[in-house]
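One file, entry20.cif, carrying mmCIF, C-alpha atoms and all ligand atoms:
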data_upload
#
loop_
_atom_site.label_atom_id
_atom_site.label_comp_id
_atom_site.auth_asym_id
_atom_site.auth_seq_id
_atom_site.Cartn_x
_atom_site.Cartn_y
_atom_site.Cartn_z
CA MET J 1321 15.72 17.20 24.21
CA THR J 1322 13.53 15.40 21.66
CA ARG J 1323 10.41 13.97 23.21
CA PRO J 1324 9.59 10.34 22.41
CA LEU J 1325 7.05 9.59 19.72
CA LEU J 1326 4.50 7.35 21.39
CA GLU J 1327 2.09 4.81 19.90
CA ARG J 1328 3.30 5.24 16.33
CA ASP J 1329 5.09 1.93 15.75
CA ARG J 1330 2.63 0.74 13.12
CA GLU J 1331 2.92 3.94 11.11
CA LEU J 1332 6.71 3.94 11.29
CA THR J 1333 6.86 0.30 10.21
CA THR J 1334 4.63 1.00 7.19
CA LEU J 1335 6.76 3.97 6.19
CA VAL J 1336 10.05 2.13 6.54
CA ASP J 1337 8.69 -0.87 4.61
CA ALA J 1338 7.55 1.43 1.82
CA ALA J 1339 11.00 3.04 1.72
CA ARG J 1340 12.61 -0.41 1.47
CA GLU J 1341 10.36 -1.27 -1.44
CA ALA J 1342 11.36 2.00 -3.11
CA VAL J 1343 14.99 0.90 -2.86
CA ARG J 1344 13.94 -2.18 -4.86
CA GLY J 1345 12.44 0.11 -7.50
CA ILE J 1346 8.82 -0.31 -6.41
CA GLY J 1347 7.37 3.08 -5.64
CA SER J 1348 4.30 3.83 -3.53
CA VAL J 1349 2.12 6.60 -2.19
CA VAL J 1350 1.54 7.00 1.53
CA LEU J 1351 -1.40 9.16 2.58
CA LEU J 1352 -0.81 10.34 6.14
CA HIS J 1353 -3.85 12.18 7.40
CA GLY J 1354 -5.56 13.34 10.56
CA GLU J 1355 -6.63 16.35 12.54
CA ALA J 1356 -4.29 19.21 13.39
CA GLY J 1357 -1.80 18.21 16.05
CA ILE J 1358 -2.28 14.46 15.70
CA GLY J 1359 1.41 14.06 14.86
CA LYS J 1360 1.78 13.97 11.07
CA SER J 1361 4.87 16.18 10.93
CA SER J 1362 6.33 14.39 13.95
CA LEU J 1363 6.13 11.13 12.00
CA VAL J 1364 7.81 12.79 9.02
CA SER J 1365 10.67 13.85 11.29
CA ALA J 1366 10.86 10.43 12.88
CA ILE J 1367 11.31 8.51 9.64
CA ARG J 1368 14.38 10.53 8.66
CA SER J 1369 16.64 8.41 10.86
CA GLU J 1370 14.88 5.16 9.92
CA LEU J 1371 15.26 5.28 6.15
CA PRO J 1372 17.34 2.59 4.45
CA ASP J 1373 20.96 3.57 3.81
CA GLY J 1374 21.39 5.66 0.70
CA THR J 1375 17.78 6.90 0.58
CA ARG J 1376 17.50 10.66 0.35
CA MET J 1377 14.67 12.57 1.94
CA LEU J 1378 13.13 15.54 0.13
CA VAL J 1379 10.58 17.61 2.04
CA GLY J 1380 8.40 20.42 0.68
CA SER J 1381 5.48 22.13 2.40
CA CYS J 1382 2.27 23.82 1.34
CA ASP J 1383 1.33 26.96 3.22
CA PRO J 1384 -1.99 28.53 4.22
CA LEU J 1385 -1.54 31.62 2.05
CA SER J 1386 -4.42 33.63 0.65
CA THR J 1387 -2.50 33.78 -2.64
CA PRO J 1388 -1.01 30.31 -3.00
CA ARG J 1389 2.67 30.01 -3.89
CA THR J 1390 2.66 28.23 -7.23
CA LEU J 1391 4.49 24.90 -6.99
CA GLY J 1392 5.54 26.03 -3.49
CA PRO J 1393 6.46 22.64 -2.01
CA PHE J 1394 8.48 21.69 -5.09
CA ARG J 1395 10.30 25.01 -5.03
CA ASP J 1396 11.32 24.14 -1.46
CA LEU J 1397 13.38 21.33 -3.00
CA THR J 1398 15.43 23.53 -5.33
CA ASP J 1399 18.69 23.31 -3.38
CA ALA J 1400 18.44 19.56 -2.91
CA VAL J 1401 17.88 18.48 -6.52
CA GLY J 1402 19.83 18.40 -9.78
CA PRO J 1403 20.29 21.40 -12.10
CA ARG J 1404 17.62 20.38 -14.61
CA LEU J 1405 14.83 20.30 -12.04
CA ALA J 1406 16.21 23.34 -10.23
CA GLN J 1407 16.12 25.33 -13.48
CA ALA J 1408 12.64 24.12 -14.36
CA LEU J 1409 11.42 25.16 -10.93
CA GLN J 1410 12.97 28.56 -11.36
CA SER J 1411 11.26 29.00 -14.72
CA GLY J 1412 7.96 27.92 -13.15
CA GLU J 1413 6.95 26.28 -16.43
CA ARG J 1414 4.70 23.41 -15.42
CA ASP J 1415 5.40 20.95 -18.23
CA GLN J 1416 9.12 21.40 -17.75
CA VAL J 1417 8.76 20.89 -14.01
CA MET J 1418 6.83 17.66 -14.49
CA ASP J 1419 9.32 16.24 -16.98
CA ALA J 1420 12.33 17.28 -14.93
CA LEU J 1421 10.79 15.92 -11.74
CA LEU J 1422 10.20 12.56 -13.34
CA ALA J 1423 13.76 12.47 -14.68
CA GLU J 1424 15.14 13.47 -11.27
CA LEU J 1425 13.21 10.81 -9.40
CA ARG J 1426 13.99 8.03 -11.88
CA GLN J 1427 17.68 8.37 -11.11
CA PRO J 1428 19.35 6.92 -8.04
CA PRO J 1429 19.43 7.43 -5.13
CA PRO J 1430 15.98 6.25 -4.06
CA SER J 1431 13.90 9.06 -2.58
CA ALA J 1432 11.42 9.64 0.19
CA LEU J 1433 9.54 12.62 -1.22
CA VAL J 1434 7.37 14.28 1.43
CA ILE J 1435 4.83 16.95 0.58
CA GLU J 1436 3.42 18.34 3.80
CA ASP J 1437 -0.04 19.83 4.30
CA VAL J 1438 -1.43 19.19 0.84
CA HIS J 1439 -4.83 20.47 2.02
CA TRP J 1440 -3.26 23.88 1.27
CA ALA J 1441 -1.71 22.89 -2.07
CA ASP J 1442 -1.96 25.23 -5.05
CA GLU J 1443 -3.44 23.85 -8.24
CA ALA J 1444 -0.11 23.46 -10.03
CA THR J 1445 1.18 21.38 -7.14
CA VAL J 1446 -1.93 19.22 -7.19
CA ASP J 1447 -1.53 18.66 -10.94
CA THR J 1448 2.12 17.77 -10.55
CA LEU J 1449 1.32 15.33 -7.78
CA ARG J 1450 -1.40 13.70 -9.88
CA PHE J 1451 1.12 13.31 -12.67
CA LEU J 1452 3.57 11.70 -10.26
CA VAL J 1453 1.03 9.46 -8.55
CA ARG J 1454 0.06 7.89 -11.86
CA ARG J 1455 3.69 6.86 -12.45
CA ILE J 1456 4.78 6.15 -8.90
CA ALA J 1457 4.86 2.35 -9.03
CA GLN J 1458 7.71 2.43 -11.55
CA LEU J 1459 9.86 4.88 -9.59
CA PRO J 1460 12.29 4.26 -6.71
CA VAL J 1461 10.25 6.66 -4.62
CA VAL J 1462 7.99 6.67 -1.62
CA LEU J 1463 5.74 9.69 -1.98
CA LEU J 1464 4.39 10.74 1.40
CA LEU J 1465 1.52 13.22 1.39
CA THR J 1466 0.31 14.65 4.68
CA TYR J 1467 -2.97 16.48 5.15
CA ARG J 1468 -5.60 17.48 7.66
CA ASP J 1469 -8.62 15.49 6.66
CA ASP J 1470 -10.95 17.83 8.49
CA GLU J 1471 -9.88 20.68 6.20
CA LEU J 1472 -10.79 19.05 2.92
CA SER J 1473 -13.76 20.30 1.03
CA ARG J 1474 -15.48 18.27 -1.63
CA ASP J 1475 -14.92 20.62 -4.52
CA GLN J 1476 -11.14 20.94 -4.20
CA PRO J 1477 -8.94 19.57 -6.99
CA LEU J 1478 -7.19 17.88 -4.13
CA THR J 1479 -10.10 15.48 -3.87
CA GLN J 1480 -9.23 14.27 -7.36
CA LEU J 1481 -5.61 13.84 -6.35
CA LEU J 1482 -6.61 11.80 -3.31
CA GLY J 1483 -8.93 9.78 -5.50
CA ASP J 1484 -6.07 9.06 -7.91
CA ALA J 1485 -3.74 8.26 -5.06
CA SER J 1486 -6.22 5.87 -3.48
CA HIS J 1487 -6.32 3.95 -6.76
CA ALA J 1488 -2.55 3.90 -7.19
CA GLU J 1489 -1.04 0.44 -7.57
CA GLN J 1490 0.78 0.83 -4.28
CA VAL J 1491 -0.95 2.97 -1.69
CA HIS J 1492 -0.97 3.05 2.11
CA HIS J 1493 -3.33 5.04 4.32
CA LEU J 1494 -2.04 6.10 7.70
CA SER J 1495 -4.34 7.87 10.11
CA PRO J 1496 -2.59 8.10 13.46
CA GLN J 1497 -4.99 7.98 16.38
CA ARG J 1498 -5.15 10.10 19.49
CA LEU J 1499 -2.93 8.99 22.32
CA THR J 1500 -4.26 6.63 24.95
CA GLY J 1501 -4.40 7.40 28.67
CA PRO J 1502 -1.14 5.52 29.43
CA ALA J 1503 0.70 7.45 26.69
CA VAL J 1504 -0.60 10.76 28.02
CA ARG J 1505 0.49 9.66 31.50
CA GLN J 1506 3.98 9.03 30.14
CA LEU J 1507 4.16 12.52 28.60
CA VAL J 1508 2.85 14.17 31.74
CA ALA J 1509 5.25 12.29 34.06
CA GLY J 1510 7.66 14.64 35.78
CA SER J 1511 5.38 17.67 35.47
CA SER J 1512 3.12 19.03 38.18
CA LEU J 1513 0.03 18.21 36.14
CA ASP J 1514 -2.53 15.53 36.85
CA ALA J 1515 -2.39 13.00 34.00
CA ASP J 1516 -6.10 12.19 34.14
CA GLU J 1517 -7.02 15.85 33.88
CA VAL J 1518 -4.65 16.40 30.97
CA PHE J 1519 -6.17 13.39 29.25
CA ALA J 1520 -9.71 14.69 29.85
CA LEU J 1521 -8.76 18.14 28.57
CA SER J 1522 -6.81 17.04 25.53
CA ASP J 1523 -8.66 13.84 24.73
CA GLY J 1524 -5.30 12.49 23.65
CA ASN J 1525 -4.53 15.03 20.92
CA PRO J 1526 -0.70 15.05 21.12
CA TYR J 1527 -0.41 18.74 20.32
CA PHE J 1528 -2.73 19.73 23.15
CA VAL J 1529 -1.01 17.35 25.53
CA SER J 1530 2.38 18.80 24.67
CA GLU J 1531 1.14 22.39 25.00
CA LEU J 1532 -0.46 21.67 28.37
CA VAL J 1533 2.69 19.98 29.59
CA ALA J 1534 4.88 22.79 28.27
CA SER J 1535 2.74 25.43 30.00
CA ALA J 1536 2.42 23.21 33.10
CA VAL J 1537 0.25 25.80 34.78
CA GLY J 1538 -2.70 23.54 35.39
CA SER J 1539 -5.37 26.15 35.95
CA ASN J 1540 -5.10 28.00 32.64
CA VAL J 1541 -5.44 26.84 29.10
CA PRO J 1542 -2.29 27.80 27.14
CA PRO J 1543 -2.96 30.61 24.65
CA THR J 1544 -1.72 28.36 21.84
CA VAL J 1545 -4.54 25.95 22.61
CA VAL J 1546 -7.09 28.76 22.80
CA ASP J 1547 -5.92 29.99 19.39
CA ALA J 1548 -6.16 26.53 17.91
CA VAL J 1549 -9.71 26.04 19.19
CA LEU J 1550 -10.82 29.46 18.01
CA GLY J 1551 -9.14 28.78 14.66
CA ARG J 1552 -11.34 25.73 14.23
CA LEU J 1553 -14.40 27.68 15.26
CA ARG J 1554 -13.69 30.44 12.77
CA ARG J 1555 -13.51 28.04 9.88
CA LEU J 1556 -17.22 27.32 10.32
CA SER J 1557 -19.76 29.46 8.50
CA PRO J 1558 -21.00 32.50 10.48
CA ALA J 1559 -24.37 30.85 11.07
CA HIS J 1560 -22.74 27.68 12.36
CA GLN J 1561 -20.38 29.68 14.58
CA ASP J 1562 -23.41 31.31 16.19
CA ILE J 1563 -24.89 27.92 16.98
CA VAL J 1564 -21.65 26.50 18.40
CA GLU J 1565 -21.22 29.63 20.52
CA LEU J 1566 -24.74 29.14 21.82
CA LEU J 1567 -24.01 25.51 22.71
CA ALA J 1568 -20.72 26.48 24.30
CA VAL J 1569 -22.40 28.31 27.15
CA VAL J 1570 -23.95 25.07 28.37
CA PRO J 1571 -21.51 24.01 31.10
CA SER J 1572 -20.60 20.44 30.17
CA SER J 1573 -22.97 18.17 28.30
CA ILE J 1574 -26.25 18.71 26.61
CA ASP J 1575 -29.03 16.21 26.11
CA ARG J 1576 -30.96 15.68 22.95
CA GLN J 1577 -34.09 17.44 24.14
CA LEU J 1578 -32.24 20.63 25.04
CA LEU J 1579 -30.20 20.41 21.85
CA ASP J 1580 -33.36 20.23 19.76
CA ALA J 1581 -34.83 23.16 21.66
CA LEU J 1582 -31.74 25.29 21.04
CA VAL J 1583 -30.77 24.23 17.55
CA SER J 1584 -33.06 23.84 14.61
CA ASP J 1585 -30.31 23.53 11.99
CA HIS J 1586 -28.43 20.32 12.68
CA SER J 1587 -26.07 20.87 9.78
CA ALA J 1588 -24.27 23.09 12.30
CA THR J 1589 -23.89 20.14 14.67
CA ALA J 1590 -22.46 18.02 11.88
CA ALA J 1591 -20.06 20.76 10.75
CA ALA J 1592 -18.87 21.33 14.31
CA GLU J 1593 -18.30 17.63 14.80
CA GLN J 1594 -16.35 17.47 11.56
CA ARG J 1595 -14.12 20.33 12.73
CA GLY J 1596 -13.48 18.59 16.03
CA LEU J 1597 -15.49 21.08 18.04
CA LEU J 1598 -17.87 18.71 19.71
CA THR J 1599 -18.35 15.04 20.29
CA VAL J 1600 -21.27 12.94 19.32
CA PRO J 1601 -21.00 9.59 21.05
CA CYS J 1602 -20.53 6.38 19.12
CA ASN J 1603 -22.31 4.36 21.74
CA PRO J 1604 -24.67 6.74 23.52
CA ASP J 1605 -24.93 4.58 26.66
CA THR J 1606 -21.20 4.28 27.13
CA TRP J 1607 -20.81 7.91 26.43
CA SER J 1608 -23.42 8.93 28.98
CA SER J 1609 -21.60 7.13 31.76
CA ALA J 1610 -18.25 8.49 30.59
CA MET J 1611 -19.74 11.93 30.76
CA SER J 1612 -20.77 11.63 34.37
CA SER J 1613 -17.13 11.55 35.44
CA LEU J 1614 -16.43 14.64 33.38
CA ASP J 1615 -19.38 16.70 34.48
CA GLU J 1616 -17.48 18.53 37.16
CA PRO J 1617 -14.26 19.62 35.55
CA SER J 1618 -11.79 20.50 38.25
CA LEU J 1619 -8.94 21.79 36.12
CA THR J 1620 -10.48 24.57 34.07
CA PRO J 1621 -13.84 25.35 32.53
CA PHE J 1622 -12.34 24.55 29.15
CA ARG J 1623 -12.20 21.06 27.81
CA TRP J 1624 -10.89 20.15 24.38
CA PRO J 1625 -13.87 18.86 22.52
CA VAL J 1626 -13.40 15.77 20.48
CA ALA J 1627 -14.51 14.72 17.05
CA SER J 1628 -15.02 11.13 16.08
CA SER J 1629 -11.76 9.53 15.06
CA SER J 1630 -13.45 6.63 13.37
CA THR J 1631 -15.06 8.69 10.65
CA HIS J 1632 -11.83 10.55 9.75
CA GLY J 1633 -13.92 13.68 9.43
CA CYS J 1634 -15.62 12.49 6.25
CA TRP J 1635 -19.02 11.51 7.53
CA PRO J 1636 -20.09 13.23 10.72
CA ARG J 1637 -21.41 10.67 13.16
CA TRP J 1638 -24.17 13.14 13.83
CA LYS J 1639 -25.63 12.38 10.43
CA GLY J 1640 -25.63 8.65 11.03
CA LEU J 1641 -27.27 9.01 14.39
CA THR J 1642 -29.83 11.41 13.02
CA LEU J 1643 -30.67 8.97 10.29
CA GLY J 1644 -30.52 5.86 12.43
CA GLY J 1645 -31.81 7.25 15.74
CA GLY J 1646 -30.33 6.20 19.04
CA PHE J 1647 -28.86 9.53 20.01
CA LYS J 1648 -28.76 10.41 23.68
CA GLY J 1649 -26.45 13.31 24.16
CA THR J 1650 -23.63 15.44 22.90
CA ARG J 1651 -20.76 17.23 24.51
CA PRO J 1652 -20.47 20.82 23.39
CA PRO J 1653 -17.19 22.66 23.34
CA LEU J 1654 -16.38 24.61 26.43
CA LEU J 1655 -14.73 27.70 25.20
CA PRO J 1656 -11.84 29.23 27.10
CA PRO J 1657 -12.71 31.54 29.99
CA THR J 1658 -12.64 35.28 29.67
CA PRO J 1659 -9.58 36.92 31.20
CA ALA J 1660 -11.57 37.49 34.35
CA GLY J 1661 -12.54 33.84 34.30
CA SER J 1662 -16.01 34.65 35.56
CA SER J 1663 -18.12 34.01 32.49
CA ILE J 1664 -17.84 32.70 28.99
CA THR J 1665 -18.02 35.25 26.23
CA PRO J 1666 -18.48 34.19 22.65
CA PRO J 1667 -15.21 34.72 20.82
CA LYS J 1668 -14.98 37.31 18.09
CA ARG J 1669 -15.74 35.91 14.69
CA ALA J 1670 -13.15 36.19 11.97
CA THR J 1671 -14.19 38.54 9.24
N1 LIG S 1701 3.10 10.19 18.92
C1 LIG S 1701 3.41 11.26 19.66
N2 LIG S 1701 3.88 11.10 20.90
C2 LIG S 1701 4.19 12.18 21.65
N3 LIG S 1701 4.08 13.46 21.26
C3 LIG S 1701 3.62 13.68 20.01
C4 LIG S 1701 3.27 12.59 19.15
N4 LIG S 1701 2.85 13.09 17.99
C5 LIG S 1701 2.93 14.43 18.10
N5 LIG S 1701 3.40 14.78 19.32
C6 LIG S 1701 3.55 16.15 19.81
O1 LIG S 1701 2.51 16.92 19.26
C7 LIG S 1701 3.00 18.08 18.62
C8 LIG S 1701 2.20 18.31 17.36
O2 LIG S 1701 2.50 17.30 16.42
P1 LIG S 1701 2.66 17.60 14.87
O3 LIG S 1701 3.16 18.97 14.62
O4 LIG S 1701 3.43 16.47 14.31
O5 LIG S 1701 1.14 17.52 14.40
P2 LIG S 1701 0.55 17.66 12.94
O6 LIG S 1701 -0.39 16.52 12.76
O7 LIG S 1701 1.66 17.79 11.96
O8 LIG S 1701 -0.28 19.01 13.04
P3 LIG S 1701 -0.62 20.08 11.90
O9 LIG S 1701 -1.79 19.53 11.13
O10 LIG S 1701 -1.00 21.30 12.68
O11 LIG S 1701 0.59 20.27 11.06
C9 LIG S 1701 4.48 17.79 18.34
O12 LIG S 1701 5.25 18.92 18.48
C10 LIG S 1701 4.85 16.78 19.39
O13 LIG S 1701 5.37 17.47 20.52
MG MG S 1702 2.21 19.25 10.56
#

Could you spell out this file's structure in structure tokens?
Amino acid sequence: MTRPLLERDRELTTLVDAAREAVRGIGSVVLLHGEAGIGKSSLVSAIRSELPDGTRMLVGSCDPLSTPRTLGPFRDLTDAVGPRLAQALQSGERDQVMDALLAELRQPPPSALVIEDVHWADEATVDTLRFLVRRIAQLPVVLLLTYRDDELSRDQPLTQLLGDASHAEQVHHLSPQRLTGPAVRQLVAGSSLDADEVFALSDGNPYFVSELVASAVGSNVPPTVVDAVLGRLRRLSPAHQDIVELLAVVPSSIDRQLLDALVSDHSATAAAEQRGLLTVPCNPDTWSSAMSSLDEPSLTPFRWPVASSSTHGCWPRWKGLTLGGGFKGTRPPLLPPTPAGSSITPPKRAT
């Protein structure tokens, strides 16, 4: 059974409108971004049935490989495109691929071309997308690029692509937000779980909600969630991992004084916030009172720590608060319990 996609009406409307424009020959770029598990791929799946009649959907994905697959997402399309582009993709010759892609997309039918997870794109893919983005307005195409914005680094060629895309004649930014309490309640309905606890644990990240509901154990964090949290931790530098591990042994929240005593390098705090490993409150007063209801977690000692959704991972709120003052507290990540559940052990660092 397919679960309903909640609180995504605005995003779906934007995507369908862009596809309708493509049918009229006016192409556009849609940048769909957000943290892991926020529901980017779910939106991609959902638009398939909403596209205007006669629009074809082409989907290619980038993969997290240590040796990137050159033109990987375009090669995914080989069976769905005409012989000229298929041959060019087989040859792997970039100029040929670009020319053939343009020729393919100029022809009817209109296309919804989705490239998933471009934060992992190889350089040839990025170049090809830049080439396409510059011509998109004249094509019957909606080009949908999805990416995790907390995995972008400044020096990637991808930054140039996103810069180009942002200046395209027709561009839409979609950054789906975490689910609200009522939406989480709806997803939890029918399970044995307490909706408020699931909301507190997941902070509305749809992936974590769905994993908690699927495991429906209540007292244990699903291993998939543990892996995802540790995956985020391991993407920090070793020095920053040490600091987050140190903060993680503090049971729930930590005030500024203690934080300053424990941590001298606040770039670690900013990096951890950017990776979604801890929360720095937007309004410290509101946050403090919100924290008091969370201080005694009854479900498990683990709570999914939340990054600011308003900054889209680009400018850690920590920095702003450090510069502007007004900070009162932060919530560190509570790492999953050891198998015995008796104490928290720092996870092994990835080599
Ligand atoms: N709006 C939503 N309403 C209900 N459930 C959702 C929603 N969005 C996503 N989910 C659930 O969350 C899970 C994760 O979503 P999805 O795979 O789309 O995230 P993602 O942003 O593509 O993550 P990643 O960056 O890891 O690829 C889905 O399998 C789905 O069960
Ligand atoms: Mg995805």

Q | Contacts of region 1457-1471 of chain J within 7 Å, all atoms listed in the file, excl. fewer than 5 positions in-chain, as an MDAnalysis selection string | A | chainID J and resid 1338:1339 1342:1356 1360 1425:1426 1430:1439 1489:1490 1594:1595 1632:1633

Considering only C-alpha atoms and all ligand atoms, can you say which of J:Ser1381, J:Gln1407, J:Gln1476, J:Gln1427 comes closest to ligand LIG 1701 (chain S)?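 Using only C-alpha atoms and all ligand atoms, the shortest distance to ligand LIG 1701 (chain S) belongs to J:Ser1381.
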
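A straight line drawn from CA of Leu1421 (chain J) to CA of Leu1363 (chain J) is 24.7 Å long.
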
message = So, with only C-alpha atoms and all ligand atoms as the atoms that count, which of J:Ser1486, J:Ser1411, J:Asn1525, J:Gln1480 lies closest to ligand LIG 1701 (chain S)?
response =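 Among J:Ser1486, J:Ser1411, J:Asn1525, J:Gln1480, it is J:Asn1525 that comes nearest to ligand LIG 1701 (chain S).
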
Go through the chains and note each residue within 6 Å of ligand LIG 1701 (chain S), using all atoms listed in the file, then give the set as an mmCIF file with C-alpha atoms, in the frame of the given file.
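Generated file (result.cif):
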data_model
loop_
_atom_site.group_PDB
_atom_site.id
_atom_site.type_symbol
_atom_site.label_atom_id
_atom_site.label_comp_id
_atom_site.auth_asym_id
_atom_site.auth_seq_id
_atom_site.Cartn_x
_atom_site.Cartn_y
_atom_site.Cartn_z
ATOM 1 C CA PRO J 1324 9.590 10.340 22.410
ATOM 2 C CA LEU J 1325 7.050 9.590 19.720
ATOM 3 C CA LEU J 1326 4.500 7.350 21.390
ATOM 4 C CA GLU J 1327 2.090 4.810 19.900
ATOM 5 C CA ARG J 1328 3.300 5.240 16.330
ATOM 6 C CA GLU J 1355 -6.630 16.350 12.540
ATOM 7 C CA ALA J 1356 -4.290 19.210 13.390
ATOM 8 C CA GLY J 1357 -1.800 18.210 16.050
ATOM 9 C CA ILE J 1358 -2.280 14.460 15.700
ATOM 10 C CA GLY J 1359 1.410 14.060 14.860
ATOM 11 C CA LYS J 1360 1.780 13.970 11.070
ATOM 12 C CA SER J 1361 4.870 16.180 10.930
ATOM 13 C CA SER J 1362 6.330 14.390 13.950
ATOM 14 C CA ARG J 1468 -5.600 17.480 7.660
ATOM 15 C CA PRO J 1526 -0.700 15.050 21.120
ATOM 16 C CA TYR J 1527 -0.410 18.740 20.320
ATOM 17 C CA SER J 1530 2.380 18.800 24.670
#

Item to check | One-decimal distance in Å that lies between CA of Pro1502 (chain J) and CA of Ala1515 (chain J) | outcome: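 Distance reported for this atom pair: 8.9 Å.
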
Point (-2.6, 2.7, 16.1) neighbourhood (9 Å, all atoms listed in the file) written as a tab-separated table (two decimals) with C-alpha atoms, keeping the file's coordinate frame:
chain	number	residue	atom	x	y	z
J	1327	GLU	CA	2.09	4.81	19.90
J	1328	ARG	CA	3.30	5.24	16.33
J	1329	ASP	CA	5.09	1.93	15.75
J	1330	ARG	CA	2.63	0.74	13.12
J	1331	GLU	CA	2.92	3.94	11.11
J	1495	SER	CA	-4.34	7.87	10.11
J	1496	PRO	CA	-2.59	8.10	13.46
J	1497	GLN	CA	-4.99	7.98	16.38
J	1498	ARG	CA	-5.15	10.10	19.49
J	1499	LEU	CA	-2.93	8.99	22.32

**OP:** Would you please work out which residue, of J:Gly1402, J:Ala1536, J:Arg1395, J:Arg1340, is nearest to Asp1514 (chain J) when using only C-alpha atoms?
**Re:**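 Among the listed residues, J:Ala1536 lies closest to Asp1514 (chain J).
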
Students should find that CA of Gly1392 (chain J) and CA of Gly1374 (chain J) are spaced 26.1 Å

Check: Counting all atoms listed in the file, which of J:Leu1578, J:Leu1409, J:Leu1332, J:Leu1550 gets nearest to Thr1445 (chain J)?
Finding: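 Of the candidates, the smallest distance to Thr1445 (chain J) is held by J:Leu1409.
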
For this session: Mind checking which residues fall within 10 Å of Val1508 (chain J), counting only C-alpha atoms, ignoring those fewer than 2 positions away in the same chain, and posting them as an NGL selection string?
Result: :J and (1502-1506 or 1510-1516 or 1518-1519 or 1529-1530 or 1532-1534 or 1536)

Could you tell me, as a PyMOL selection string, which residues have any atom at most 10 Å from (4.3, 25.9, -13.7), counting only C-alpha atoms? chain J and resi 1390-1391+1408-1418+1443-1445+1447-1448

Q: Kindly indicate which residue among J:Ala1366, J:Leu1478, J:Asp1442, J:Ala1423 lies nearest to Asp1383 (chain J), using only C-alpha atoms for the distances.
A: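 Ranked by minimum distance to Asp1383 (chain J), first place goes to J:Asp1442.
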
If you count all atoms listed in the file, the residue of J:Ile1456, J:Met1377, J:Ala1509, J:Val1364 closest to ligand MG 1702 (chain S) turns out to be J:Val1364
